[in-house]
Each structure stands twice: as C-alpha cells, then as structure tokens.
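Coordinates as given in query.txt (compact mmCIF, C-alpha atoms and all ligand atoms):
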# COMPACT_ATOMS: atom_id res chain seq x y z
CA MET A 1 -50.08 -32.94 -17.19
CA SER A 2 -50.45 -36.59 -18.31
CA GLU A 3 -47.56 -39.11 -17.96
CA LEU A 4 -47.24 -39.15 -21.73
CA ASN A 5 -46.82 -35.40 -21.94
CA LYS A 6 -44.28 -35.38 -19.08
CA ASP A 7 -42.13 -38.02 -20.88
CA SER A 8 -42.15 -36.13 -24.13
CA SER A 9 -41.13 -32.84 -22.37
CA ALA A 10 -38.22 -34.60 -20.67
CA THR A 11 -37.06 -36.06 -23.97
CA GLU A 12 -37.21 -32.59 -25.58
CA LEU A 13 -35.16 -31.10 -22.73
CA VAL A 14 -32.43 -33.74 -23.09
CA ALA A 15 -32.38 -33.25 -26.83
CA THR A 16 -32.11 -29.46 -26.44
CA ASN A 17 -29.25 -29.72 -23.95
CA GLU A 18 -27.39 -32.17 -26.15
CA ASP A 19 -27.74 -29.77 -29.07
CA ARG A 20 -26.52 -26.90 -27.00
CA PHE A 21 -23.49 -28.64 -25.53
CA VAL A 22 -22.01 -30.42 -28.52
CA ASP A 23 -18.38 -31.17 -27.82
CA PRO A 24 -16.50 -28.99 -30.32
CA GLY A 25 -13.35 -31.12 -30.05
CA LEU A 26 -9.93 -29.70 -30.65
CA PRO A 27 -9.24 -27.43 -33.61
CA ALA A 28 -6.79 -28.73 -36.17
CA HIS A 29 -3.23 -28.27 -34.98
CA LYS A 30 -1.37 -25.51 -36.80
CA LEU A 31 2.38 -25.45 -36.99
CA ARG A 32 3.97 -22.14 -36.07
CA MET A 33 6.71 -20.48 -38.07
CA SER A 34 9.19 -21.45 -35.38
CA ASP A 35 8.15 -25.12 -35.75
CA LYS A 36 8.73 -25.11 -39.50
CA ASP A 37 11.68 -22.79 -39.93
CA PRO A 38 14.82 -23.06 -37.74
CA LYS A 39 15.67 -19.45 -38.63
CA ALA A 40 12.31 -18.27 -37.29
CA ALA A 41 12.95 -20.28 -34.11
CA LYS A 42 16.34 -18.62 -33.73
CA ARG A 43 14.74 -15.19 -34.28
CA ALA A 44 12.14 -15.92 -31.59
CA GLU A 45 14.86 -17.06 -29.23
CA LEU A 46 16.78 -13.82 -29.76
CA GLN A 47 13.62 -11.83 -29.11
CA VAL A 48 13.11 -13.67 -25.82
CA VAL A 49 16.74 -13.02 -24.92
CA PHE A 50 16.22 -9.33 -25.76
CA PHE A 51 13.36 -9.03 -23.28
CA PHE A 52 15.34 -10.77 -20.56
CA LEU A 53 18.10 -8.26 -21.29
CA VAL A 54 15.56 -5.46 -20.87
CA SER A 55 14.78 -6.91 -17.43
CA ILE A 56 18.48 -7.08 -16.55
CA VAL A 57 19.00 -3.45 -17.59
CA GLY A 58 15.89 -2.45 -15.60
CA THR A 59 17.21 -4.16 -12.48
CA ILE A 60 20.65 -2.55 -12.81
CA ALA A 61 19.00 0.85 -13.50
CA SER A 62 16.88 0.53 -10.34
CA LEU A 63 20.03 -0.05 -8.27
CA VAL A 64 21.77 2.92 -9.89
CA VAL A 65 18.70 5.08 -9.27
CA PHE A 66 18.49 3.92 -5.65
CA PHE A 67 22.04 5.02 -4.93
CA THR A 68 22.13 8.21 -7.05
CA ILE A 69 18.70 9.83 -6.74
CA ARG A 70 18.31 9.99 -2.97
CA PRO A 71 15.37 11.88 -1.41
CA ASP A 72 16.63 14.84 0.61
CA GLY A 73 13.43 15.27 2.63
CA THR A 74 11.58 17.48 0.12
CA THR A 75 8.36 16.29 -1.48
CA GLU A 76 9.85 16.85 -4.94
CA SER A 77 12.92 14.72 -4.31
CA VAL A 78 10.79 11.88 -2.91
CA ARG A 79 8.55 12.10 -5.98
CA ASN A 80 11.53 12.06 -8.40
CA SER A 81 13.13 9.12 -6.63
CA ASN A 82 9.87 7.16 -6.62
CA TYR A 83 9.24 7.86 -10.32
CA ALA A 84 12.73 6.73 -11.33
CA LEU A 85 12.59 3.62 -9.11
CA GLY A 86 9.08 2.79 -10.31
CA ILE A 87 9.99 3.06 -13.99
CA SER A 88 13.18 1.00 -13.70
CA ILE A 89 11.50 -1.75 -11.62
CA ALA A 90 8.61 -1.75 -14.11
CA PHE A 91 11.07 -2.52 -16.93
CA ALA A 92 12.72 -5.21 -14.81
CA LEU A 93 9.39 -6.96 -14.26
CA LEU A 94 7.93 -6.25 -17.68
CA GLY A 95 11.02 -7.71 -19.40
CA ILE A 96 10.65 -10.99 -17.51
CA GLY A 97 6.89 -11.06 -18.17
CA ILE A 98 7.08 -10.42 -21.92
CA ALA A 99 10.02 -12.79 -22.35
CA ALA A 100 8.18 -15.59 -20.53
CA VAL A 101 5.01 -15.16 -22.58
CA HIS A 102 6.87 -14.92 -25.88
CA TRP A 103 8.99 -17.93 -25.01
CA ALA A 104 5.88 -19.96 -24.22
CA LYS A 105 4.03 -18.88 -27.35
CA ALA A 106 6.84 -19.08 -29.87
CA LEU A 107 9.26 -21.73 -28.67
CA MET A 108 7.68 -24.14 -26.21
CA SER A 109 5.72 -27.10 -27.48
CA ASP A 110 2.17 -26.09 -28.42
CA HIS A 111 0.70 -29.52 -29.05
CA GLU A 112 -2.83 -29.67 -27.69
CA VAL A 113 -3.33 -32.03 -24.81
CA ILE A 114 -6.63 -33.22 -23.39
CA ASP A 115 -6.75 -33.25 -19.62
CA GLU A 116 -9.76 -35.34 -18.62
CA ARG A 117 -11.65 -34.44 -15.46
CA HIS A 118 -10.77 -36.65 -12.59
CA PRO A 119 -11.26 -36.73 -8.82
CA LEU A 120 -9.44 -33.91 -7.04
CA GLU A 121 -7.13 -36.23 -5.18
CA SER A 122 -4.59 -37.65 -7.58
CA SER A 123 -3.32 -41.18 -7.23
CA ALA A 124 0.33 -41.86 -6.60
CA GLU A 125 0.68 -43.06 -10.21
CA ASP A 126 -0.83 -39.81 -11.50
CA ARG A 127 1.55 -37.74 -9.44
CA GLU A 128 4.48 -39.73 -10.76
CA ALA A 129 3.14 -39.27 -14.26
CA ALA A 130 2.85 -35.51 -13.67
CA VAL A 131 6.45 -35.30 -12.54
CA ALA A 132 7.49 -37.29 -15.59
CA GLU A 133 5.46 -34.93 -17.82
CA LEU A 134 7.09 -31.95 -16.20
CA ALA A 135 10.51 -33.40 -16.81
CA ALA A 136 9.51 -34.13 -20.41
CA GLY A 137 8.31 -30.54 -20.75
CA VAL A 138 11.65 -29.21 -19.56
CA LYS A 139 13.35 -31.49 -22.05
CA ASP A 140 10.91 -30.45 -24.74
CA SER A 141 11.62 -26.75 -24.15
CA ASN A 142 15.17 -27.38 -25.33
CA ILE A 143 16.49 -25.25 -22.51
CA GLU A 144 19.52 -27.52 -22.25
CA ARG A 145 20.43 -26.88 -25.85
CA ARG A 146 19.63 -23.14 -25.91
CA THR A 147 22.50 -22.01 -23.74
CA LEU A 148 22.06 -18.31 -24.53
CA LEU A 149 18.42 -18.43 -23.52
CA LYS A 150 19.24 -20.42 -20.41
CA GLY A 151 21.91 -17.93 -19.41
CA SER A 152 19.65 -14.92 -19.91
CA VAL A 153 16.67 -16.34 -18.00
CA VAL A 154 18.81 -17.44 -15.08
CA THR A 155 20.59 -14.07 -14.94
CA ALA A 156 17.35 -12.05 -15.19
CA LEU A 157 15.59 -14.07 -12.50
CA ALA A 158 18.63 -14.11 -10.24
CA LEU A 159 19.17 -10.35 -10.50
CA PHE A 160 15.59 -9.20 -10.09
CA PRO A 161 15.35 -9.81 -6.29
CA LEU A 162 18.15 -7.24 -5.91
CA THR A 163 15.60 -4.47 -6.67
CA ILE A 164 14.02 -5.29 -3.30
CA ALA A 165 16.90 -6.72 -1.30
CA VAL A 166 19.45 -3.93 -1.88
CA PRO A 167 17.23 -1.02 -0.73
CA LEU A 168 16.18 -3.05 2.33
CA VAL A 169 19.73 -3.97 3.29
CA ALA A 170 21.08 -0.48 2.51
CA ASN A 171 18.51 1.15 4.80
CA VAL A 172 19.32 -0.99 7.82
CA GLY A 173 21.25 1.16 10.26
CA SER A 174 21.46 4.10 7.83
CA ASP A 175 20.03 7.58 8.37
CA TRP A 176 16.65 6.28 9.55
CA ASP A 177 15.90 9.05 11.98
CA VAL A 178 12.94 8.23 14.20
CA SER A 179 13.20 11.57 15.97
CA LYS A 180 11.40 13.02 12.94
CA PHE A 181 8.34 11.13 14.11
CA ARG A 182 8.68 12.17 17.73
CA LYS A 183 8.90 15.92 17.13
CA THR A 184 6.38 18.24 15.53
CA LEU A 185 6.21 22.02 15.15
CA TRP A 186 4.41 22.35 18.46
CA LYS A 187 6.35 23.81 21.37
CA LYS A 188 5.65 26.02 24.34
CA GLY A 189 3.88 29.26 23.37
CA VAL A 190 3.06 28.40 19.72
CA ARG A 191 -0.44 29.67 19.00
CA LEU A 192 -3.17 27.38 17.70
CA THR A 193 -4.41 28.70 14.35
CA THR A 194 -7.20 27.61 12.02
CA ASP A 195 -6.40 25.30 9.10
CA PRO A 196 -5.80 26.44 6.36
CA ASN A 197 -5.89 30.24 6.78
CA GLY A 198 -3.72 30.42 9.93
CA ARG A 199 -6.00 32.64 12.04
CA PRO A 200 -5.20 32.47 15.80
CA VAL A 201 -8.02 31.04 17.90
CA LYS A 202 -9.31 32.71 21.06
CA ALA A 203 -10.62 30.35 23.74
CA ALA A 204 -13.70 32.57 24.13
CA ASP A 205 -14.60 32.00 20.45
CA VAL A 206 -14.77 28.20 20.73
CA THR A 207 -18.32 27.22 21.67
CA VAL A 208 -19.29 24.00 23.46
CA GLY A 209 -19.76 21.17 20.91
CA SER A 210 -17.71 22.85 18.18
CA VAL A 211 -14.72 21.30 16.43
CA VAL A 212 -11.90 23.34 14.90
CA HIS A 213 -9.17 22.04 12.58
CA ILE A 214 -5.91 23.45 13.86
CA ILE A 215 -2.33 23.97 12.62
CA PRO A 216 0.58 25.68 14.39
CA GLU A 217 1.11 29.43 13.83
CA ALA A 218 3.87 30.04 11.26
CA THR A 219 5.47 33.00 9.52
CA GLU A 220 5.02 33.50 5.80
CA GLU A 221 8.62 32.45 5.28
CA GLU A 222 8.04 29.19 7.18
CA ARG A 223 4.92 28.49 5.13
CA GLN A 224 6.90 28.88 1.90
CA SER A 225 9.68 26.53 2.99
CA HIS A 226 10.11 23.09 1.46
CA HIS A 227 9.34 21.30 4.70
CA TRP A 228 6.14 23.16 5.57
CA ILE A 229 3.74 20.66 4.01
CA THR A 230 5.40 17.69 5.74
CA GLU A 231 5.71 19.42 9.09
CA LYS A 232 2.18 20.80 8.95
CA ALA A 233 0.84 17.33 8.13
CA LYS A 234 2.46 15.95 11.29
CA ALA A 235 1.16 18.75 13.49
CA VAL A 236 -2.54 18.82 12.53
CA VAL A 237 -4.86 18.94 15.51
CA LEU A 238 -8.57 18.69 16.26
CA LEU A 239 -9.76 21.14 18.87
CA VAL A 240 -13.00 20.26 20.62
CA ARG A 241 -14.88 22.06 23.38
CA LEU A 242 -16.95 19.97 25.78
CA ASP A 243 -18.88 20.83 28.85
CA PRO A 244 -16.05 20.61 31.48
CA LYS A 245 -18.16 18.30 33.64
CA ASP A 246 -18.22 15.72 30.79
CA LEU A 247 -14.41 15.47 30.73
CA LYS A 248 -12.84 12.47 32.47
CA GLU A 249 -9.30 13.67 32.98
CA SER A 250 -6.50 11.97 34.87
CA GLU A 251 -4.69 14.05 37.51
CA GLU A 252 -1.75 14.47 35.14
CA ARG A 253 -3.90 15.74 32.31
CA LYS A 254 -6.08 18.13 34.25
CA SER A 255 -3.78 21.03 33.31
CA TRP A 256 -3.62 20.01 29.61
CA SER A 257 -7.09 21.31 28.74
CA TYR A 258 -8.61 24.77 29.09
CA ASP A 259 -12.16 25.16 30.38
CA GLY A 260 -13.40 22.05 28.53
CA ILE A 261 -11.27 22.70 25.42
CA VAL A 262 -9.07 19.73 24.47
CA ALA A 263 -6.68 19.28 21.55
CA TYR A 264 -5.75 15.92 20.00
CA SER A 265 -3.62 14.84 17.05
CA LYS A 266 -5.77 14.38 13.98
CA ILE A 267 -3.62 11.49 12.71
CA CYS A 268 -5.17 8.11 13.42
CA THR A 269 -2.98 5.78 15.47
CA HIS A 270 -4.01 2.85 13.27
CA VAL A 271 -2.42 3.66 9.90
CA GLY A 272 -2.50 7.44 9.83
CA CYS A 273 -5.73 8.59 8.16
CA PRO A 274 -7.12 11.93 9.30
CA VAL A 275 -9.64 11.44 12.09
CA ALA A 276 -12.27 14.02 11.35
CA LEU A 277 -15.82 12.89 12.11
CA TYR A 278 -17.06 14.11 15.48
CA GLU A 279 -20.28 12.96 17.12
CA GLN A 280 -21.28 15.73 19.47
CA GLN A 281 -23.71 13.63 21.59
CA THR A 282 -21.30 10.78 22.35
CA HIS A 283 -18.06 12.84 22.15
CA HIS A 284 -16.71 10.20 19.79
CA LEU A 285 -14.22 10.89 17.04
CA LEU A 286 -14.43 8.49 14.12
CA CYS A 287 -11.70 7.62 11.64
CA PRO A 288 -13.31 7.15 8.21
CA CYS A 289 -10.72 4.66 6.99
CA HIS A 290 -11.38 1.64 9.23
CA GLN A 291 -13.86 3.05 11.74
CA SER A 292 -11.56 3.36 14.75
CA THR A 293 -13.47 5.42 17.30
CA PHE A 294 -11.87 7.57 20.02
CA ASP A 295 -13.56 9.01 23.09
CA VAL A 296 -12.64 12.70 23.30
CA ALA A 297 -14.14 12.98 26.78
CA ASP A 298 -11.85 10.23 28.07
CA GLY A 299 -8.34 10.95 26.82
CA ALA A 300 -9.24 10.02 23.21
CA LYS A 301 -9.03 6.34 24.20
CA VAL A 302 -9.99 3.76 21.58
CA VAL A 303 -13.57 2.55 22.07
CA PHE A 304 -13.90 0.67 18.77
CA GLY A 305 -11.87 -0.39 15.75
CA PRO A 306 -8.36 -1.55 14.90
CA ALA A 307 -6.39 1.37 16.42
CA LYS A 308 -4.43 0.27 19.48
CA ARG A 309 -3.42 3.60 21.07
CA PRO A 310 -5.32 6.76 22.08
CA LEU A 311 -4.80 9.88 19.96
CA PRO A 312 -1.83 11.85 21.32
CA GLN A 313 -2.91 14.95 23.25
CA LEU A 314 -1.55 18.45 22.79
CA PRO A 315 -1.41 20.21 26.16
CA ILE A 316 -2.86 23.71 25.75
CA ALA A 317 -3.22 26.94 27.70
CA VAL A 318 -4.24 30.54 27.05
CA ASP A 319 -1.84 33.48 26.60
CA ASP A 320 -2.20 37.02 27.93
CA GLU A 321 -4.40 38.02 25.01
CA GLY A 322 -6.78 35.07 25.41
CA TYR A 323 -5.40 33.08 22.46
CA LEU A 324 -4.95 29.33 22.75
CA VAL A 325 -1.29 28.25 22.80
CA ALA A 326 0.55 24.94 23.12
CA GLN A 327 2.25 24.12 26.42
CA ASP A 328 4.61 21.69 24.71
CA ASP A 329 4.71 19.11 21.90
CA PHE A 330 2.23 16.18 21.86
CA ASN A 331 2.48 13.90 24.90
CA GLU A 332 3.71 11.05 22.68
CA PRO A 333 4.72 10.42 19.03
CA ILE A 334 1.91 11.00 16.58
CA GLY A 335 0.61 8.51 14.02
CA PRO A 336 0.79 4.73 13.72
CA SER A 337 3.10 2.62 15.83
CA TYR A 338 6.58 1.80 14.55
CA TRP A 339 9.35 -0.46 15.78
CA GLU A 340 11.49 2.15 17.45
CA ARG A 341 8.60 4.02 19.00
CA LEU A 342 9.30 2.94 22.57
CA LYS A 343 13.00 3.82 22.51
S1 LIG A 401 -6.43 4.58 9.75
FE1 LIG A 401 -7.91 5.08 11.20
S2 LIG A 401 -8.91 3.25 11.57
FE2 LIG A 401 -7.41 2.72 10.15
Spit out the file's structure as structure tokens when you get a sec.
Amino acid sequence: MSELNKDSSATELVATNEDRFVDPGLPAHKLRMSDKDPKAAKRAELQVVFFFLVSIVGTIASLVVFFTIRPDGTTESVRNSNYALGISIAFALLGIGIAAVHWAKALMSDHEVIDERHPLESSAEDREAAVAELAAGVKDSNIERRTLLKGSVVTALALFPLTIAVPLVANVGSDWDVSKFRKTLWKKGVRLTTDPNGRPVKAADVTVGSVVHIIPEATEEERQSHHWITEKAKAVVLLVRLDPKDLKESEERKSWSYDGIVAYSKICTHVGCPVALYEQQTHHLLCPCHQSTFDVADGAKVVFGPAKRPLPQLPIAVDDEGYLVAQDDFNEPIGPSYWERLK
C-alpha cells in the first residue's frame, strides 16, 4: 500500500471512531413530583417509612418464630421452622432494601453530576472534597428535618441484627446435644442390610472387588418412625471386599474386618457428602463433592483432598447364619469435624 493510501485509511478510521463515540452529554434534567409538590414528597416519605416498618415487623416476627416454632427433631418441624424464619427474615431484609431504593429515587437529590476520570490515587484535596460532598449529601437528604424517617431507618437498621444475634446467643449452652453425632443405630449384633430394600447380607455373597451400600437392619415399625430418615442417614455404610493380602490393618483393627470385607461410614469427613465412587484397582474411595480420596486398603486414610480425617470404620463380624453383623458402633463420630468432637 502506498504512503498516500495508508494516510487516507488512518484518517477514515479516526473519523469512523469519532462518529461512533460521540459524547451524548447529559439528558435534560427532569424534576420529579416530589421536587415540585411538597405533598408528593410527604407521600414518598410515608411510603419509605412504611417499608422500614415492614422490616421492623419482619425482624420482630423472626424473633417470635424463633422462640415459638422450635424444631423437635422431626424433618417436618425443622422444615416448618426454617420456612417461617426464612419468610420473616426475608421481609426484614426486603423492607430495608425497598425503603432504601425508594428513598434514593424519590427523596434524595437527583441532580446529575459529572465525575471526570482521574488517576486512581486521589489527592489529599480530593479526599477532603469527597468528605465535604458526603456531608453535603447528608444535609441535602434532609434527614435532620425528617425526624419520622430518621427514626424509622435507625430503628429498622438497629433491630435487624437481632435476627442473627438472638438465635446465636440463645443456642449457646442450650440443648445442643453432641451425643447425637457420636451415636448411630449400629450396635453389637445389628445385621448389615442392603440400602434401600433392607436385605441382610451374607459374607459369602460379597465377591472380591464389589461394593455394597449398607444400612442397619430395622423393623417395619422403626422404618415408619419420624426419626428413621435422620438415623439412617447417619448410619450409612460402604461395604467393600478386598483380597485380604491387600489390606494394611493395624493390630487393633485386625478383628474389625472379615476375610477382606471392610465397612466404612459413607459420610465424608470433609463436609458430609456421600462418598460413593470406588476405584477397584487402587482401592480408593472418592468423594464427588471436593475430590477427597480415601484408601480403603489402609484404614480409609485420606490420600488426597480437603478431608482431614479417615472415614470412621464399622467393626464387623459374622453371625451363626453367616450374615454380616456389627460388633459395635463406628470407632469414632461420623461426618465432618465439629468443636466438641474431642470431648
Ligand atoms: S465433602 Fe467430601 S471432599 Fe468435601
């Protein structure tokens, strides 16, 4: 391309960009109803107050709900309590949110201001100017004069933290019963049955390399009880059969397995997802949530990932009829760590 042609292309490009990026400037300022009519301003103020009142009622309702609708351990009661708390806290937050937006749109100054680009680091003068602008903004919002509005916003914002603080404080030293996490349905002699149909498992039926999802044996009445789902969820087990010579068992644990069959809690010790992916060649169990990997051949120790503890082991044996049974509960509390776990 000749020099002449290059120059003319560059000129065209500049011209095109200038056309495309014409500064539109600011639109003409429009006065709002609340700027022109004091009655409209008063109406808007009352609307803002109304939404702060909604927040106040929501906060009070959440406290009432917290103390009156207490979960009694059943799934339904936990669900009801969570619904009621969720709805009341939603109103508490929504009231503050809507009130703030409406206040800004209807009552605060809406004069357009141009903020020129400048270096990221502000000068001391700019910072002082910003503080002065902020102070002017507060003055401009007329908060000093609108005592009703000031009272409602302060009350709503001051009360809202109670939705979090009261439940936290009320739970300290209350009926927080960590023994629920230490005990499961497993005890001496309880048969290992398949999940979900509850069929007892014979040791002879478990082939090397197979994995069976296990729950404790339970009567029909126990299965229908309110607590079954929760208790079953805590007691779920993965049963794996390895070649006995692949097992690296400590002296203490030698009697916890049966002919290469080992049983471990299925609940990940990271944050409690079900560990369910078994690699037969490596004997690794993988948690799908954050990829913690446990070595079944070596006490289900963590070989990779964020989990910090091995999976708890269920000591097993075989009864007179050849069915697999538990010798006791898990060797340690199942699931993620918690503060009181070592007590
Ligand atoms: S819950 Fe298993 S790795 Fe996070």
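The list of residues with at least one atom within 9 Å of Tyr264 (chain A), based on all atoms listed in the file and without residues fewer than 3 positions apart in the same chain, reads A:Val236, A:Val237, A:Leu238, A:Leu239, A:Val240, A:Ile267, A:Val296, A:Gly299, A:Ala300, A:Leu311, A:Pro312, A:Gln313, A:Leu314, A:Pro315, A:Phe330.
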Could the residues that lie within 10 Å of ligand LIG 401 (chain A), counting only C-alpha atoms and all ligand atoms, be listed as an MDAnalysis selection string?
-> chainID A and resid 266:276 286:294 304:308 335:336
Take the residues just selected and output them with C-alpha atoms as an mmCIF file, in the frame of the given file.
data_model
loop_
_atom_site.group_PDB
_atom_site.id
_atom_site.type_symbol
_atom_site.label_atom_id
_atom_site.label_comp_id
_atom_site.auth_asym_id
_atom_site.auth_seq_id
_atom_site.Cartn_x
_atom_site.Cartn_y
_atom_site.Cartn_z
ATOM 1 C CA LYS A 266 -5.770 14.380 13.980
ATOM 2 C CA ILE A 267 -3.620 11.490 12.710
ATOM 3 C CA CYS A 268 -5.170 8.110 13.420
ATOM 4 C CA THR A 269 -2.980 5.780 15.470
ATOM 5 C CA HIS A 270 -4.010 2.850 13.270
ATOM 6 C CA VAL A 271 -2.420 3.660 9.900
ATOM 7 C CA GLY A 272 -2.500 7.440 9.830
ATOM 8 C CA CYS A 273 -5.730 8.590 8.160
ATOM 9 C CA PRO A 274 -7.120 11.930 9.300
ATOM 10 C CA VAL A 275 -9.640 11.440 12.090
ATOM 11 C CA ALA A 276 -12.270 14.020 11.350
ATOM 12 C CA LEU A 286 -14.430 8.490 14.120
ATOM 13 C CA CYS A 287 -11.700 7.620 11.640
ATOM 14 C CA PRO A 288 -13.310 7.150 8.210
ATOM 15 C CA CYS A 289 -10.720 4.660 6.990
ATOM 16 C CA HIS A 290 -11.380 1.640 9.230
ATOM 17 C CA GLN A 291 -13.860 3.050 11.740
ATOM 18 C CA SER A 292 -11.560 3.360 14.750
ATOM 19 C CA THR A 293 -13.470 5.420 17.300
ATOM 20 C CA PHE A 294 -11.870 7.570 20.020
ATOM 21 C CA PHE A 304 -13.900 0.670 18.770
ATOM 22 C CA GLY A 305 -11.870 -0.390 15.750
ATOM 23 C CA PRO A 306 -8.360 -1.550 14.900
ATOM 24 C CA ALA A 307 -6.390 1.370 16.420
ATOM 25 C CA LYS A 308 -4.430 0.270 19.480
ATOM 26 C CA GLY A 335 0.610 8.510 14.020
ATOM 27 C CA PRO A 336 0.790 4.730 13.720
#
Distance of CA of Asp320 (chain A) from CA of Asp205 (chain A), expressed in Å to one decimal place = 15.3 Å
Using all atoms listed in the file, collect all residues at a distance of at most 8 Å from (10.6, -12.6, -18.8) as written in the file, then present them as a list in words.
->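 I get Val48, Phe51, Phe52, Ser55, Leu93, Leu94, Gly95, Ile96, Gly97, Ile98, Ala99, Ala100, Val101, Val153 and Ala156 of chain A for the residues within 8 Å of that point.
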Residue contacts of Lys105 (chain A) (12 Å, only C-alpha atoms) excluding same-chain residues fewer than 2 positions away, as a ChimeraX atom specification = /A:31-35,41,44-45,48,98-103,107-111,141
Tell me, as a PyMOL selection string, which residues lie within 8 Å of Leu192 (chain A), counting only C-alpha atoms; anything in the same chain fewer than 3 positions away does not count.
-> chain A and resi 200-201+214-217+323-326
Those same residues, written as a PDB file, keeping the file's coordinate frame with C-alpha atoms?
ATOM      1  CA  PRO A 200      -5.200  32.470  15.800  1.00  0.00           C
ATOM      2  CA  VAL A 201      -8.020  31.040  17.900  1.00  0.00           C
ATOM      3  CA  ILE A 214      -5.910  23.450  13.860  1.00  0.00           C
ATOM      4  CA  ILE A 215      -2.330  23.970  12.620  1.00  0.00           C
ATOM      5  CA  PRO A 216       0.580  25.680  14.390  1.00  0.00           C
ATOM      6  CA  GLU A 217       1.110  29.430  13.830  1.00  0.00           C
ATOM      7  CA  TYR A 323      -5.400  33.080  22.460  1.00  0.00           C
ATOM      8  CA  LEU A 324      -4.950  29.330  22.750  1.00  0.00           C
ATOM      9  CA  VAL A 325      -1.290  28.250  22.800  1.00  0.00           C
ATOM     10  CA  ALA A 326       0.550  24.940  23.120  1.00  0.00           C
TER      11      ALA A 326
END
Of A:Ser62, A:Ser152, A:Ser81, A:Thr184, the one nearest to Ile164 (chain A) when counting all atoms listed in the file is A:Ser62
Which value, in Å to one decimal, gives the distance between CA of Leu53 (chain A) and CA of Ile69 (chain A)?
->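 Distance reported for this atom pair: 23.2 Å.
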